[in-house]
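See structure below.
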Amino acid sequence: MLRLYLWIYLLFLYAPIVVIGMFSFHSSASLVFPFEGWSLRWYVQIFDSETFRSSLYNSLLVASLSSLATTVLGATVALALIRMKGKVREAVATLCAAPIALPGLFLGIALLSAFAQMGLNRSLLTVTIAHTLYALPFFVATLRSRIDYFDPSLEEAARDLGASPIQAFRMVTLPILRPSLIGAAILVFALSFDELIITVFVSGNDTTLPMMVWSMMRRTVDPTINAASMVAFTLSLIVIVAAGAAFWLQQRAKTSYRTSPTGVDAHEPSDRATEERAQVVRPLQGLE
Amino acid sequence: MGLNIAQRQTVLSSVLAAPSMAFMLVFFVFPCLLLLLYSFWTARSFVIDPTFNLDNYARTLTAAGFWRTGFTGLNNGLWTAIVSVVLSFPAAYYIVYRARGNAAFYLILLSWFSSYLVRVYAWRTILGTNGLINSTLMQWGLIRQPLEFLLFSPFASVITLVHIMFPFALLLLVSALRDVKQDYLDAARDLGATRTQVLLRVIIPMAYKGIVSAFMFTFILAAGDYITPQLLGGRDGVTNGLLIANQFRSAGNWPLGAAMAFITLGLFIGIYLVFTQLLRALRLAPGLRFHEQEHKPC
């Protein structure tokens, strides 16, 4: 019973996407069955469009810049959280998680007012700032279990064995955090690439891909929208699958350590601590 | 340096936390406070007049249009949240306790990354007057006229929002259920609990936090979404999110929009309190249960 239910659940999730995918290759402009045949004409048409190419470029640029910015901010704050205790830690963690609890609309209008007040003109820079703000809570949440179970005494042990602070960071802390950092950075890229609700308020003349698709959707029903959305979908898919593969390979190469790329973790804190210790031993052996 | 290890750790952690804290202060705390300030100001012909007054709140609270659209927004949010959580729960249950691998879980998460707009657009294609459902039903001769209520109605908004929220709700539920170990369920069964009792008295109370957060996140995201209702909701589907958005786009009244946003936020908090109290009343929340069970052995 439950198994069947899961299949229906998956069907509901994927059927609409499959339909759009199919009609993006449709040889006629009709969006209804019967399906008349396959063609690439809508893709040719969309890639011929200057607006499409520039908004695709803008989206890739913004997603790269905001995942870079989020990784720098998120990683430093994660390293700080590892060392913090009590109320301060609580306050820092809460502030970093807070934007997640607010609707995107609210963040969008608040940022719009702030940018206007600061005299910052709306451009791809303001979009990047907005996406960084939107994604940072997701980034920190993904790292959360790593941060909570990270044992600072591992670093101290490395220091006792004669490692400099930088060596301790490079050989102990970073290897533990790296898989999560990479996963979180990719997640941010995907979130930014798809973000529309906040972007609407903070973008200037340069549009992003979702902005462009949105304005097309408001104007007409046009088969090129199918193609444009499929390009967006495929790109997110490639990024995610690549991240998943990289993550998986790294995990396999390192140890038998198993974590899901989503931050959801099947391990007990105690298991985790032991495994992390085990993981640390190897690089330390080369220190002497 | 004459600092001991503990002091050095404090300095280091402050330095490390500084960039993100500065970022959050400038681009989160400041904008929110500014928006709050705006809501007490007035805008006259594009010039903002910074004198404190409550006109915007009074105007919003007395406008029938705001309440009607606000109701549509809350309605969208509540239906989406209820349907997403209730229908995702069995799937999450299967993934955590029955499934052998994680393939289904990853497949569901993967669909989370299919663009938001793609899904809105897909549902528009499916539900439209000449859409898949109508044209198929007409070809089969089941209906003569296209069913108009499918598209441009709150129904269209909710089904699309549910589709968008499913993976998100599932992710939160799965991570909540992973904390409820199989051992607890086995123990409850050994002690004579029925399947229903295990579900209601062990699983749901233990996964309470995850269920509440799944409900609230889907509710907030769906109720605050103004793009789906705009594209699919039709005339009856206008939500106050769209009303607020319009105040901030084109030549709108920012202070009025800010006041509307804060009132809406207040409504969201109200919903949260009602929802958690409701779970308490239904005895699905943890706490106090130990004592109650002394009187009602199962």
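Order determines the names: the first chain of the structure tokens is A, the second B, and so forth; residues in each chain are numbered 1 upward, and ligands are numbered 1 upward as they are shown.
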
Quiz item: Counting only C-alpha atoms, what is within 7 Å of Pro137 (chain A), bar same-chain residues fewer than 4 positions away, as a list in words?
Solution: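 The filter keeps Cys96, Ala97, Pro99, Ile100 and Ala141 of chain A.
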
Self-check item: Residue hits in chain A, query chain B, radius 6 Å, only C-alpha atoms, as a PyMOL selection string
Solution: chain A and resi 6+16+20+32+73+76-77+80+103+110-111+114+194+229+233+264

Quiz item: Where does DSSP see helix (DSSP H, G or I) in region 196-258 of chain A, if you list the residues as a PyMOL selection string?
Solution: chain A and resi 199-202+209-219+223-254

Writer output for current selection, C-alpha atoms, as a tab-separated table (two decimals), in the first residue's frame:
chain	number	residue	atom	x	y	z
A	199	THR	CA	14.67	39.31	-7.32
A	200	VAL	CA	11.57	41.03	-8.69
A	201	PHE	CA	12.06	43.87	-6.18
A	202	VAL	CA	15.83	44.29	-6.21
A	209	LEU	CA	16.51	33.96	-16.32
A	210	PRO	CA	13.52	33.48	-13.97
A	211	MET	CA	12.68	37.19	-14.44
A	212	MET	CA	12.72	36.75	-18.19
A	213	VAL	CA	10.59	33.59	-18.14
A	214	TRP	CA	8.19	35.31	-15.77
A	215	SER	CA	7.71	38.30	-18.02
A	216	MET	CA	7.19	35.97	-21.00
A	217	MET	CA	4.57	34.09	-19.03
A	218	ARG	CA	2.71	37.26	-18.17
A	219	ARG	CA	2.55	38.29	-21.81
A	223	PRO	CA	6.02	27.31	-26.73
A	224	THR	CA	9.44	28.97	-26.35
A	225	ILE	CA	8.63	29.27	-22.64
A	226	ASN	CA	8.71	25.47	-22.47
A	227	ALA	CA	12.18	25.46	-23.96
A	228	ALA	CA	13.40	28.30	-21.74
A	229	SER	CA	12.13	26.56	-18.61
A	230	MET	CA	13.66	23.27	-19.65
A	231	VAL	CA	17.05	24.95	-20.12
A	232	ALA	CA	16.75	26.36	-16.60
A	233	PHE	CA	15.67	23.00	-15.23
A	234	THR	CA	18.43	21.07	-16.99
A	235	LEU	CA	21.08	23.49	-15.73
A	236	SER	CA	19.93	23.16	-12.11
A	237	LEU	CA	19.82	19.43	-12.60
A	238	ILE	CA	23.37	19.29	-13.95
A	239	VAL	CA	24.64	21.36	-11.05
A	240	ILE	CA	22.88	19.21	-8.46
A	241	VAL	CA	23.83	15.89	-10.00
A	242	ALA	CA	27.43	17.04	-10.39
A	243	ALA	CA	27.46	18.10	-6.77
A	244	GLY	CA	25.95	14.82	-5.69
A	245	ALA	CA	28.51	12.86	-7.69
A	246	ALA	CA	31.44	14.94	-6.40
A	247	PHE	CA	30.18	14.56	-2.87
A	248	TRP	CA	29.71	10.84	-3.22
A	249	LEU	CA	33.12	10.27	-4.81
A	250	GLN	CA	34.83	12.26	-2.11
A	251	GLN	CA	33.04	10.37	0.61
A	252	ARG	CA	33.98	7.08	-0.99
A	253	ALA	CA	37.58	8.07	-1.53
A	254	LYS	CA	38.00	9.17	2.06

Quiz item: Using only C-alpha atoms, which of A:Arg170, A:Arg159, A:His131, A:Arg122 sits nearest Glu195 (chain A)?
Solution: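 Comparing A:Arg170, A:Arg159, A:His131, A:Arg122 against Glu195 (chain A), the winner is A:His131.
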
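Using only C-alpha atoms, the protein and nucleic acid residues lying no more than 10 Å from Asp148 (chain A), apart from those fewer than 3 places from it along its own chain, are Ala78, Leu81, Ile82, Leu143, Arg144, Ser145, Asp151 and Pro269 of chain A.
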
Got time to write the residues from that selection, N, CA and C atoms, as a PDB file, in the first residue's frame?
ATOM      1  N   ALA A  78      30.458  29.533  10.543  1.00  0.00           N
ATOM      2  CA  ALA A  78      30.444  28.154  11.046  1.00  0.00           C
ATOM      3  C   ALA A  78      31.665  27.910  11.931  1.00  0.00           C
ATOM      4  N   LEU A  81      31.006  29.525  15.172  1.00  0.00           N
ATOM      5  CA  LEU A  81      30.017  28.806  15.986  1.00  0.00           C
ATOM      6  C   LEU A  81      30.642  27.603  16.694  1.00  0.00           C
ATOM      7  N   ILE A  82      31.587  26.953  16.006  1.00  0.00           N
ATOM      8  CA  ILE A  82      32.256  25.800  16.608  1.00  0.00           C
ATOM      9  C   ILE A  82      32.918  26.200  17.923  1.00  0.00           C
ATOM     10  N   LEU A 143      25.008  23.099   7.287  1.00  0.00           N
ATOM     11  CA  LEU A 143      26.222  22.793   8.052  1.00  0.00           C
ATOM     12  C   LEU A 143      25.925  22.486   9.509  1.00  0.00           C
ATOM     13  N   ARG A 144      24.676  22.744   9.890  1.00  0.00           N
ATOM     14  CA  ARG A 144      24.320  22.726  11.301  1.00  0.00           C
ATOM     15  C   ARG A 144      24.762  21.457  12.043  1.00  0.00           C
ATOM     16  N   SER A 145      24.465  20.282  11.449  1.00  0.00           N
ATOM     17  CA  SER A 145      24.777  19.064  12.191  1.00  0.00           C
ATOM     18  C   SER A 145      26.287  18.896  12.335  1.00  0.00           C
ATOM     19  N   ASP A 151      33.964  18.512  17.313  1.00  0.00           N
ATOM     20  CA  ASP A 151      34.634  18.471  18.598  1.00  0.00           C
ATOM     21  C   ASP A 151      35.875  19.361  18.555  1.00  0.00           C
ATOM     22  N   PRO A 269      24.915  11.189  17.029  1.00  0.00           N
ATOM     23  CA  PRO A 269      26.035  12.058  17.381  1.00  0.00           C
ATOM     24  C   PRO A 269      27.256  11.259  17.824  1.00  0.00           C
TER      25      PRO A 269
END

Quiz item: Of the residues A:Trp7, A:Phe115, A:Phe12, A:Phe25, which is the one nearest to Thr160 (chain B), using only C-alpha atoms?
Solution: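 Of A:Trp7, A:Phe115, A:Phe12, A:Phe25, the one nearest Thr160 (chain B) is A:Phe12, counting only C-alpha atoms.
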